[in-house]
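What follows is one structure encoded as structure tokens, with my remarks underneath.
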Amino acid sequence: MTAVELAGITKRFPGVVANHDIHLSVRKGTVHALVGENGAGKSTLMKILYGMQKPDEGTIAVDGQQVAFSSPADAIARGIGMVHQHFMLADNLTVLENVVLGSEKLYGIGAKARRKIKELSERYGLDVRPDLLVEELGVAARQRVEILKVLYRGATTLILDEPTAVLVPQEVDALFANLRELKSEGLSVIFISHKLGEVLSVADEITVIRRGTTVGTAVPSETTPRQLAEMMVGSELPTPETAESTVTDRPVISVDKLHLAAPGGKALLDDISFTIHAGEVLGIAGVEGNGQTELVDALIGLRTADSGTIRLADEEITAWPTRRRREQGIGYIPEDRHRHGLLLEAPLWENRILGHVTEKPLAKGVWLDPKAAQEDTRRIVEAYDVRTPGIDVTAASLSGGNQQKLIVGREMSHKPRFLIAAHPTRGVDVGAQAAIWDHIREARREGLAVLLISADLDELIGLSDTLRVIYNGKLVADADPATITPEELGSAMTGAVTGHLAHDETAEETPETPAKAPEPSESPEDEAR
Amino acid sequence: MKKFDKERVLLAVAGPVIALAVAFVLSAIVLIASGKSPVEPFALMFEQLSFSDIQVLIINQASMYYIAALAVAIGFRMNLFNIGVDGQYQLGAMMAAIVGAHMNLPAALQIPLLLLTAVLTGAFWSGIAGVLKVTRGVSEVVATIMLNAIATSVIAYLWLPDVFGVKVGNNNTTGEMYESGWIPGIPMGAAGEIYGLVLLAVLLGIGYWVVLNRTRFGFDLRASGASQTAAAASGVDPKRMVLSAMLISGGIAGLAGLPILLGDTHTYSLNFPTGIGFLGIGIALLGRNSPVGIAFAALLWAWLDKASPELDFHGYDKEIAVIMQGLIVLSVVVSYEAVREWGLRRQQRRVGAELAAGHVLGAQNTKEVAGR
């Protein structure tokens, strides 16, 4: 029994075919994964299924009946719900208020609605408490609220757009447990993801999209991540080279007893000390919200620490403003590129200037040099393979991966001594991810010191020379990336283990994740190609 | 990439054109509703455009609107709303009038002195709001509105006979300025004179463009307006930027009354034009904060002002021009936002299209190399 069947879907935008002859068939009571590179056409397809776009050709059938959606409301009425990648919740309202918002007619806004929420929460094990304020919830809980919101509106087919991008491994496992609960109740889930390991562990069926068309389906039990990646990229992947250590004994950045307290007195950063040497990548693992953002802000100069010192080579920079730090060779790949890394409505070449307005070749004295800036932008676009028709288009019109490549190119262009890389490949497709890793590795060979913060544990382990775990504003543990596994790192991130993490050969694998436990060789190199 | 440039021009023009068209139609509806011809008033007003004396009036009026709107636009470019331009230009003009009536230097010194007085007065007044915002977090909107009210009282105080005031009949003035501070106009024969300081307005417009688009400071200012968070991460000191923008905005605002002061009235009296600062807000909006756009908007506004009195002679109410100005501002806000979003989406689609068609910047170049 199929829940949703898309047949021969074609969608043309003026001059371009975004979707071409797509076939997708989702069986009832299954998790169906949709994988493909950024820009392959996944979002367009989901927009069509969710009624935000109309297909030019092809048919959509829900429960065997042909339907035509002209708005998301039509799709919701037929039981299709979408959980967006970026949560659409009002922080200052309670969970209950968020859930009923816009659907007040269903069960009212009072006791009946609360009962319904509790019932749904229990039935699917979502653990949602209706009277908490959303701002008090963590990322994973917010996601469950989003899922509940969709269920509340009567969805029987859920579309989840990159749901694991913001979660740590334990939370991912919990989410997958929720999804299994959903499908056992007969609901269907369409699961969009880049992370092939996850797709293989949770999906019952996989459809791969490449360049706007379906290139095939796969059954997880008979597929390896590598085969899947090859299907996505459409070619055989090159084997990764083994990275040798380039760490020197020359300290580039030394942080000593950094302390930062929130207005209420709670310590956001507590006694943070570390040194990164030239040619070293220091990876910081941690559940989001444990002080990573504050650490980055203190290093780039957006926040001033209450006490402690920061030294760049032999100079103390604790009191330096952001601009001076950047001029003196601190590169910055921000966690949230839209908020901190780009002017979305400005052309690419102006974005090239952002953060380096005082530096050559962009400025001469107080004057800008737009010609030189444009020329240098062209160079970056070519060297870093930023896919764009030109440098006059706005940054907003590029895909996330290409925006990120532009930022990486920009920061590398000023020969930084120290690079802060916060989630450098978040939301970036496989091809761009590998390119960004290559650029970081190359700069590291030339003596760059890197602070790497990432939620992608494979990335952390594969790229770092040294690993530290941050928990509650403290660096609580360290580990050797050569031997540690993502699971061991994950448990340290919850604060359960401290001190030096030695790989324990006898440790049993957690029962929920036997299928996806990556072998030590499954470093980012593997995942990427 | 000419394609995207043309696109930008199209988008820049589409907003105002749609807004104006909507405003015209709505004004026509107002006229019909009041039982009058929806066409004739416009025909009359257009006819006024052909008279050279009206043209001179329009240009003179527009020069003041232009300067006031530039002052507002500087704030807008970094998301600051300086509503206080009105108080700033009135105080600036009054201080210049007082200095001009009590000091008598040679013209080559007197005129720069008067300009400087106006700039410093305006900057001082807006600077109060700037300091409050930077040190205490007071919204500049509230502070500048309050400062407008205070400016009115300060002006009333300065007009007192035992302060700087000179009574001429029933009128409060600041006394006649010395002639060394008068700026001769550009004679246009029977049509009158164009104020000499119209040239200042033009220079300010050019300066505005150059500073914003060709200097580091201008880039930081625009970046702060486009994204405060990204600007801070790029190394802009947000507080310093707020204060600088406020001071510059106020300094320019201080100049807005000078074309008429130094070119015509030579005293600051009860008859001195008021409300230019508020009109400047609408004009800056309509002109999309661009120096050329603001020039057109200022001329349009001045035309509506100067051509509408004629309507009274033909049985129409000249207030139709005010209704029209209001409708323009309303439709501008709506149409610009719509056009902006439409433009962004359109560009995203077109970039997608170009990429799918293989028009990638790097690829193009390699093709060229291969071709050689």
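Ordering of the structure tokens sets the chain letters (A, B, ...); residue numbers start at 1 within each chain; ligands are numbered from 1 in the order shown.
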
Show which residues sit within 7 Å of segment 165-174 of chain B, as a ChimeraX atom specification. Count only C-alpha atoms, and ignore same-chain residues fewer than 4 positions away. /B:97-98,158-161,267-270

Atoms kept (N, CA and C atoms) for selection, written as a tab-separated table (two decimals), in the first residue's frame:
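Done, and the output landed in out_39.tsv:
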```tsv
chain	number	residue	atom	x	y	z
B	97	ALA	N	21.59	81.85	11.42
B	97	ALA	CA	21.02	83.19	11.28
B	97	ALA	C	21.52	84.09	12.39
B	98	ILE	N	21.61	83.56	13.60
B	98	ILE	CA	22.06	84.39	14.73
B	98	ILE	C	23.53	84.78	14.55
B	158	LEU	N	15.13	81.42	22.06
B	158	LEU	CA	16.12	82.27	21.37
B	158	LEU	C	15.46	83.46	20.68
B	159	TRP	N	14.17	83.32	20.40
B	159	TRP	CA	13.44	84.40	19.74
B	159	TRP	C	13.07	85.54	20.71
B	160	LEU	N	13.21	85.29	22.00
B	160	LEU	CA	12.84	86.34	22.97
B	160	LEU	C	13.68	87.59	22.71
B	161	PRO	N	13.07	88.77	22.80
B	161	PRO	CA	13.78	90.00	22.47
B	161	PRO	C	15.05	90.19	23.31
B	267	THR	N	16.99	85.89	7.45
B	267	THR	CA	16.68	85.93	8.88
B	267	THR	C	15.87	84.68	9.20
B	268	TYR	N	15.92	84.27	10.46
B	268	TYR	CA	15.12	83.13	10.86
B	268	TYR	C	13.88	83.65	11.56
B	269	SER	N	12.74	83.57	10.88
B	269	SER	CA	11.53	84.16	11.43
B	269	SER	C	10.43	83.12	11.52
B	270	LEU	N	9.27	83.57	11.98
B	270	LEU	CA	8.12	82.68	12.06
B	270	LEU	C	7.73	82.12	10.70
```

Which residues of chain A sit at most 8 Å from chain B, using only C-alpha atoms? Give each one's shortest atom pair and distance in Å (one decimal place), in chain and ascending residue order, as JSON lines.
```
{"residue": "A:Phe13", "atom": "CA", "partner": "B:Arg349", "partner_atom": "CA", "distance": 7.2}
{"residue": "A:Pro14", "atom": "CA", "partner": "B:Ala353", "partner_atom": "CA", "distance": 7.0}
{"residue": "A:Gly15", "atom": "CA", "partner": "B:Ala353", "partner_atom": "CA", "distance": 5.6}
{"residue": "A:Val16", "atom": "CA", "partner": "B:Ala353", "partner_atom": "CA", "distance": 4.7}
{"residue": "A:Val17", "atom": "CA", "partner": "B:Ala356", "partner_atom": "CA", "distance": 7.7}
{"residue": "A:Ile300", "atom": "CA", "partner": "B:Ala233", "partner_atom": "CA", "distance": 7.7}
{"residue": "A:Leu302", "atom": "CA", "partner": "B:Ala233", "partner_atom": "CA", "distance": 6.7}
{"residue": "A:Pro321", "atom": "CA", "partner": "B:Gly235", "partner_atom": "CA", "distance": 7.3}
{"residue": "A:Thr322", "atom": "CA", "partner": "B:Gly235", "partner_atom": "CA", "distance": 4.6}
{"residue": "A:Arg323", "atom": "CA", "partner": "B:Gly235", "partner_atom": "CA", "distance": 4.0}
{"residue": "A:Arg324", "atom": "CA", "partner": "B:Gly235", "partner_atom": "CA", "distance": 7.7}
{"residue": "A:Arg326", "atom": "CA", "partner": "B:Gly235", "partner_atom": "CA", "distance": 7.5}
{"residue": "A:His338", "atom": "CA", "partner": "B:Ala230", "partner_atom": "CA", "distance": 7.9}
{"residue": "A:Arg339", "atom": "CA", "partner": "B:Ala230", "partner_atom": "CA", "distance": 5.6}
{"residue": "A:His340", "atom": "CA", "partner": "B:Ala230", "partner_atom": "CA", "distance": 3.9}
{"residue": "A:Gly341", "atom": "CA", "partner": "B:Ala230", "partner_atom": "CA", "distance": 5.6}
{"residue": "A:Leu342", "atom": "CA", "partner": "B:Ala230", "partner_atom": "CA", "distance": 6.3}
{"residue": "A:Leu343", "atom": "CA", "partner": "B:Ala226", "partner_atom": "CA", "distance": 6.3}
{"residue": "A:Glu345", "atom": "CA", "partner": "B:Ala226", "partner_atom": "CA", "distance": 7.7}
{"residue": "A:Leu354", "atom": "CA", "partner": "B:Ser234", "partner_atom": "CA", "distance": 6.0}
{"residue": "A:Gly355", "atom": "CA", "partner": "B:Ser234", "partner_atom": "CA", "distance": 3.7}
{"residue": "A:His356", "atom": "CA", "partner": "B:Ser234", "partner_atom": "CA", "distance": 7.1}
{"residue": "A:Val357", "atom": "CA", "partner": "B:Arg216", "partner_atom": "CA", "distance": 6.1}
{"residue": "A:Thr358", "atom": "CA", "partner": "B:Arg216", "partner_atom": "CA", "distance": 7.0}
{"residue": "A:Ala363", "atom": "CA", "partner": "B:Arg216", "partner_atom": "CA", "distance": 7.2}
{"residue": "A:Val366", "atom": "CA", "partner": "B:Arg216", "partner_atom": "CA", "distance": 5.6}
{"residue": "A:Trp367", "atom": "CA", "partner": "B:Thr215", "partner_atom": "CA", "distance": 4.3}
{"residue": "A:Leu368", "atom": "CA", "partner": "B:Thr215", "partner_atom": "CA", "distance": 5.0}
{"residue": "A:Asp369", "atom": "CA", "partner": "B:Arg214", "partner_atom": "CA", "distance": 7.4}
{"residue": "A:Pro370", "atom": "CA", "partner": "B:Arg214", "partner_atom": "CA", "distance": 7.7}
{"residue": "A:Arg378", "atom": "CA", "partner": "B:Leu361", "partner_atom": "CA", "distance": 7.9}
{"residue": "A:Val381", "atom": "CA", "partner": "B:Gly362", "partner_atom": "CA", "distance": 7.0}
{"residue": "A:Glu382", "atom": "CA", "partner": "B:Gly362", "partner_atom": "CA", "distance": 4.9}
{"residue": "A:Asp385", "atom": "CA", "partner": "B:Gly362", "partner_atom": "CA", "distance": 7.2}
{"residue": "A:Arg387", "atom": "CA", "partner": "B:Val360", "partner_atom": "CA", "distance": 5.9}
{"residue": "A:Thr388", "atom": "CA", "partner": "B:Val360", "partner_atom": "CA", "distance": 5.5}
{"residue": "A:Pro389", "atom": "CA", "partner": "B:Val360", "partner_atom": "CA", "distance": 4.8}
{"residue": "A:Gly390", "atom": "CA", "partner": "B:Leu361", "partner_atom": "CA", "distance": 5.7}
{"residue": "A:Asp392", "atom": "CA", "partner": "B:Phe4", "partner_atom": "CA", "distance": 7.0}
{"residue": "A:Val393", "atom": "CA", "partner": "B:Phe4", "partner_atom": "CA", "distance": 7.0}
{"residue": "A:Thr394", "atom": "CA", "partner": "B:Gln347", "partner_atom": "CA", "distance": 7.9}
{"residue": "A:Ala396", "atom": "CA", "partner": "B:Gln348", "partner_atom": "CA", "distance": 7.3}
{"residue": "A:Ser397", "atom": "CA", "partner": "B:Gln348", "partner_atom": "CA", "distance": 4.1}
{"residue": "A:Leu398", "atom": "CA", "partner": "B:Gln348", "partner_atom": "CA", "distance": 7.1}
```

Would you write out those residues with N, CA and C atoms, as a short mmCIF file (atom, residue, chain, number, x, y, z; two decimals), in the first residue's frame?
```
data_model
loop_
_atom_site.label_atom_id
_atom_site.label_comp_id
_atom_site.auth_asym_id
_atom_site.auth_seq_id
_atom_site.Cartn_x
_atom_site.Cartn_y
_atom_site.Cartn_z
N PHE A 13 11.87 25.74 -14.32
CA PHE A 13 11.88 27.16 -14.09
C PHE A 13 12.41 27.75 -15.37
N PRO A 14 12.12 29.03 -15.61
CA PRO A 14 12.56 29.60 -16.88
C PRO A 14 14.01 29.21 -17.19
N GLY A 15 14.19 28.44 -18.22
CA GLY A 15 15.55 28.11 -18.65
C GLY A 15 16.19 26.95 -17.94
N VAL A 16 15.54 26.38 -16.94
CA VAL A 16 16.19 25.31 -16.21
C VAL A 16 15.16 24.25 -15.81
N VAL A 17 15.60 23.03 -15.82
CA VAL A 17 14.73 21.95 -15.35
C VAL A 17 15.19 21.57 -13.96
N ILE A 300 37.38 35.81 18.71
CA ILE A 300 37.34 36.76 17.60
C ILE A 300 37.13 38.19 18.12
N LEU A 302 34.30 39.39 19.83
CA LEU A 302 32.93 39.89 19.92
C LEU A 302 32.46 39.98 21.36
N PRO A 321 40.45 44.84 19.70
CA PRO A 321 39.13 44.76 19.07
C PRO A 321 39.14 43.77 17.90
N THR A 322 37.94 43.38 17.48
CA THR A 322 37.81 42.38 16.42
C THR A 322 38.62 42.72 15.17
N ARG A 323 38.54 43.98 14.76
CA ARG A 323 39.19 44.32 13.49
C ARG A 323 40.68 44.10 13.57
N ARG A 324 41.29 44.49 14.67
CA ARG A 324 42.73 44.33 14.79
C ARG A 324 43.09 42.85 14.77
N ARG A 326 41.53 40.48 13.27
CA ARG A 326 41.42 39.95 11.91
C ARG A 326 42.58 40.43 11.08
N HIS A 338 24.80 33.03 7.75
CA HIS A 338 23.86 34.07 7.36
C HIS A 338 23.87 35.25 8.32
N ARG A 339 24.11 34.96 9.60
CA ARG A 339 24.13 36.05 10.56
C ARG A 339 25.50 36.69 10.70
N HIS A 340 26.54 35.91 10.57
CA HIS A 340 27.87 36.45 10.89
C HIS A 340 28.85 36.47 9.73
N GLY A 341 28.52 35.81 8.64
CA GLY A 341 29.54 35.70 7.61
C GLY A 341 29.22 36.38 6.30
N LEU A 342 27.98 36.79 6.10
CA LEU A 342 27.61 37.30 4.78
C LEU A 342 26.66 38.48 4.90
N LEU A 343 26.70 39.31 3.86
CA LEU A 343 25.64 40.29 3.66
C LEU A 343 24.79 39.71 2.54
N GLU A 345 22.12 40.31 0.89
CA GLU A 345 21.58 41.02 -0.26
C GLU A 345 22.63 41.84 -0.99
N LEU A 354 33.86 41.99 3.10
CA LEU A 354 33.39 41.92 4.48
C LEU A 354 34.43 41.26 5.40
N GLY A 355 34.77 41.97 6.45
CA GLY A 355 35.72 41.43 7.41
C GLY A 355 37.17 41.75 7.09
N HIS A 356 37.40 42.24 5.87
CA HIS A 356 38.78 42.54 5.47
C HIS A 356 38.85 43.89 4.81
N VAL A 357 37.98 44.79 5.22
CA VAL A 357 37.83 46.07 4.52
C VAL A 357 39.09 46.92 4.62
N THR A 358 39.92 46.66 5.62
CA THR A 358 41.12 47.49 5.75
C THR A 358 42.33 46.86 5.07
N ALA A 363 41.50 47.64 -0.14
CA ALA A 363 41.45 49.05 0.19
C ALA A 363 42.82 49.68 0.00
N VAL A 366 42.01 55.07 3.02
CA VAL A 366 40.60 55.02 3.43
C VAL A 366 39.69 54.64 2.28
N TRP A 367 40.26 54.52 1.07
CA TRP A 367 39.43 54.25 -0.10
C TRP A 367 39.31 52.77 -0.37
N LEU A 368 38.13 52.38 -0.82
CA LEU A 368 37.95 51.01 -1.29
C LEU A 368 38.53 50.90 -2.69
N ASP A 369 38.87 49.68 -3.05
CA ASP A 369 39.32 49.46 -4.42
C ASP A 369 38.40 48.39 -5.04
N PRO A 370 37.24 48.83 -5.54
CA PRO A 370 36.26 47.84 -6.01
C PRO A 370 36.80 46.97 -7.15
N ARG A 378 36.76 37.07 -8.33
CA ARG A 378 36.79 36.12 -9.46
C ARG A 378 37.80 35.02 -9.21
N VAL A 381 36.36 32.61 -6.70
CA VAL A 381 35.29 31.83 -7.30
C VAL A 381 35.87 30.68 -8.10
N GLU A 382 36.97 30.95 -8.81
CA GLU A 382 37.57 29.89 -9.61
C GLU A 382 38.36 28.91 -8.75
N ASP A 385 36.00 26.92 -6.55
CA ASP A 385 34.89 26.28 -7.24
C ASP A 385 33.54 26.73 -6.69
N ARG A 387 30.13 27.83 -7.34
CA ARG A 387 29.27 27.76 -8.53
C ARG A 387 28.37 28.98 -8.61
N THR A 388 28.74 29.91 -9.46
CA THR A 388 27.93 31.11 -9.63
C THR A 388 28.11 31.61 -11.05
N PRO A 389 27.07 32.21 -11.61
CA PRO A 389 27.23 32.75 -12.95
C PRO A 389 28.05 34.05 -12.96
N GLY A 390 28.28 34.65 -11.84
CA GLY A 390 29.04 35.89 -11.83
C GLY A 390 29.24 36.39 -10.42
N ASP A 392 28.42 39.47 -9.48
CA ASP A 392 27.50 40.56 -9.17
C ASP A 392 26.19 40.06 -8.61
N VAL A 393 26.02 38.75 -8.55
CA VAL A 393 24.77 38.24 -7.99
C VAL A 393 24.84 38.34 -6.47
N THR A 394 23.69 38.39 -5.83
CA THR A 394 23.69 38.49 -4.37
C THR A 394 24.10 37.17 -3.74
N ALA A 396 22.68 35.79 -1.40
CA ALA A 396 21.48 35.01 -1.09
C ALA A 396 21.12 34.05 -2.22
N SER A 397 21.56 34.35 -3.46
CA SER A 397 21.14 33.50 -4.56
C SER A 397 22.01 32.26 -4.71
N LEU A 398 23.08 32.15 -3.94
CA LEU A 398 23.89 30.94 -4.01
C LEU A 398 23.36 29.89 -3.03
#
```

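In this structure, atom CA of Gly181 of chain B sits 22.1 Å away from atom CA of Gly250 of chain B.
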
Using only C-alpha atoms, which protein or nucleic acid residues come within 7 Å of Ala203 of chain A? Drop anything in the same chain fewer than 2 positions from it, and give the result as a ChimeraX atom specification. /A:31-33,199-201,205-206,220

Using only C-alpha atoms, find the one residue out of B:Ala43, B:Ala68, B:Val99, B:Ile18 that sits nearest to Ser249 of chain B. B:Ala68

Skipping near chain neighbours, those fewer than 6 positions away, what residues fall within 10 Å of Gln66 of chain A using only C-alpha atoms, listed as an NGL selection string? :A and (4-6 or 59-60)

Kindly save the residues from that selection, with N, CA and C atoms included, as a compact mmCIF listing (two decimals), in the first residue's frame.
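Produced file again_9.txt, reproduced below:
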```txt
# COMPACT_ATOMS: atom_id res chain seq x y z
N VAL A 4 2.25 7.67 -0.58
CA VAL A 4 2.45 8.77 -1.51
C VAL A 4 3.16 8.23 -2.74
N GLU A 5 2.67 8.62 -3.89
CA GLU A 5 3.33 8.18 -5.12
C GLU A 5 3.49 9.37 -6.04
N LEU A 6 4.75 9.68 -6.35
CA LEU A 6 5.02 10.74 -7.32
C LEU A 6 5.47 10.07 -8.60
N THR A 59 2.26 13.30 -11.93
CA THR A 59 1.10 13.19 -11.06
C THR A 59 1.51 12.91 -9.62
N ILE A 60 0.69 13.32 -8.72
CA ILE A 60 0.87 13.02 -7.31
C ILE A 60 -0.34 12.22 -6.87
```

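The residue set within 8 Å of segment 329-334 of chain B, counting only C-alpha atoms and dropping same-chain residues fewer than 5 places from it, reads Gly15, Pro16, Ala19, Leu20, Val22, Ala23, Gly282, Leu285 and Leu286 of chain B.
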
Quick one: write out the picked residues with C-alpha atoms as a PDB file, in the first residue's frame?
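Produced file part_19.pdb, reproduced below:
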```pdb
ATOM      1  CA  GLY B  15       9.317  49.937  -7.080  1.00  0.00           C
ATOM      2  CA  PRO B  16       8.821  53.696  -7.473  1.00  0.00           C
ATOM      3  CA  ALA B  19       4.103  53.077  -6.133  1.00  0.00           C
ATOM      4  CA  LEU B  20       3.483  56.219  -8.161  1.00  0.00           C
ATOM      5  CA  VAL B  22      -0.921  53.139  -7.433  1.00  0.00           C
ATOM      6  CA  ALA B  23      -0.856  56.543  -5.746  1.00  0.00           C
ATOM      7  CA  GLY B 282       9.090  60.197   2.868  1.00  0.00           C
ATOM      8  CA  LEU B 285      11.943  56.319   1.342  1.00  0.00           C
ATOM      9  CA  LEU B 286      10.698  57.055  -2.152  1.00  0.00           C
TER      10      LEU B 286
END
```

Which polymer residues have any atom within 9 Å of an atom of segment 198-205 of chain B, counting only C-alpha atoms, with same-chain residues fewer than 2 positions away left out, as a PDB file with C-alpha atoms, in the first residue's frame?
```
ATOM      1  CA  ILE B  59      14.177  73.533  -7.844  1.00  0.00           C
ATOM      2  CA  ASN B  60      14.657  75.818  -4.861  1.00  0.00           C
ATOM      3  CA  ALA B  62      13.663  70.547  -3.875  1.00  0.00           C
ATOM      4  CA  SER B  63      17.176  71.539  -2.802  1.00  0.00           C
ATOM      5  CA  MET B  64      16.068  71.734   0.813  1.00  0.00           C
ATOM      6  CA  TYR B  66      17.075  66.880  -0.950  1.00  0.00           C
ATOM      7  CA  ILE B  67      19.457  67.807   1.850  1.00  0.00           C
ATOM      8  CA  LEU B  70      20.037  62.761   2.484  1.00  0.00           C
ATOM      9  CA  ILE B 194      17.843  79.689  -8.222  1.00  0.00           C
ATOM     10  CA  TYR B 195      19.440  79.576  -4.753  1.00  0.00           C
ATOM     11  CA  GLY B 196      23.206  79.418  -4.850  1.00  0.00           C
ATOM     12  CA  GLY B 207      29.711  63.226  -1.557  1.00  0.00           C
ATOM     13  CA  TYR B 208      27.080  60.885  -0.143  1.00  0.00           C
ATOM     14  CA  TRP B 209      27.563  58.453  -3.007  1.00  0.00           C
ATOM     15  CA  VAL B 210      31.353  58.576  -2.871  1.00  0.00           C
ATOM     16  CA  ILE B 252      23.787  67.259   7.018  1.00  0.00           C
ATOM     17  CA  ALA B 256      18.815  71.685   5.066  1.00  0.00           C
ATOM     18  CA  PRO B 259      19.512  77.442   0.879  1.00  0.00           C
ATOM     19  CA  SER B 290      20.044  56.500  -3.417  1.00  0.00           C
ATOM     20  CA  PRO B 291      21.347  59.981  -4.235  1.00  0.00           C
ATOM     21  CA  VAL B 292      19.767  59.950  -7.692  1.00  0.00           C
ATOM     22  CA  ILE B 294      16.244  61.043  -3.737  1.00  0.00           C
ATOM     23  CA  ALA B 295      16.820  63.827  -6.265  1.00  0.00           C
TER      24      ALA B 295
END
```

At a cut-off of 9 Å, using only C-alpha atoms, what residues contact Val242 of chain B? Leave out same-chain residues fewer than 3 positions from it and give the result as a ChimeraX atom specification. /B:75,78,80,130-131,133-134,221,224,237-239,245-247

Residue selection dump (C-alpha atoms) as a compact mmCIF listing (two decimals), in the first residue's frame:
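What landed in out_15.txt:
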```txt
# COMPACT_ATOMS: atom_id res chain seq x y z
CA GLY B 75 20.55 56.93 9.02
CA MET B 78 22.51 51.65 8.78
CA LEU B 80 18.92 54.17 12.27
CA GLY B 130 23.49 59.15 19.48
CA VAL B 131 25.18 59.33 22.88
CA LYS B 133 21.66 55.27 22.33
CA VAL B 134 25.27 54.19 22.69
CA LEU B 221 28.23 51.76 7.51
CA SER B 224 26.06 47.64 9.70
CA ASP B 237 32.59 48.71 16.37
CA PRO B 238 28.79 49.03 16.49
CA LYS B 239 28.71 51.83 19.05
CA ALA B 245 26.17 57.93 11.60
CA MET B 246 24.05 60.01 13.96
CA LEU B 247 26.55 62.87 13.90
```

Of B:Ala33, B:Val154, B:Val322, B:Leu113, the one sitting nearest Gln90 of chain B when using only C-alpha atoms is B:Val154

Using only C-alpha atoms for the distances, tell me which of B:Met103, B:Ala321, B:Leu91, B:Leu11 is nearest to Tyr157 of chain B.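 Between B:Met103, B:Ala321, B:Leu91, B:Leu11, the residue approaching Tyr157 of chain B most closely is B:Leu91.
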
Would you mind telling me which residue in B:Leu132, B:Leu327, B:Ser126, B:Val142 lies nearest to Ala21 of chain B when using only C-alpha atoms?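 Smallest separation from Ala21 of chain B among the options: B:Leu327.
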
Sel. of strand (DSSP E) residues, segment 100-264 of chain B, as a PyMOL selection string: chain B and resi 166-168+171-173+186-187+193-194

For the residues in that selection, give me C-alpha atoms as a compact mmCIF listing (two decimals), in the first residue's frame.
```
# COMPACT_ATOMS: atom_id res chain seq x y z
CA VAL B 166 14.17 91.02 16.98
CA LYS B 167 10.47 91.83 16.68
CA VAL B 168 9.38 92.97 13.22
CA ASN B 171 6.84 88.50 13.54
CA ASN B 172 9.65 86.99 15.57
CA THR B 173 12.96 87.17 13.70
CA ILE B 186 21.70 82.15 -10.18
CA PRO B 187 19.55 84.67 -12.08
CA GLU B 193 16.65 83.17 -8.99
CA ILE B 194 17.84 79.69 -8.22
```

Based on DSSP run over this structure's backbone, return all residues of segment 14-67 of chain B in helix (DSSP H, G or I), as a count of residues only. 45
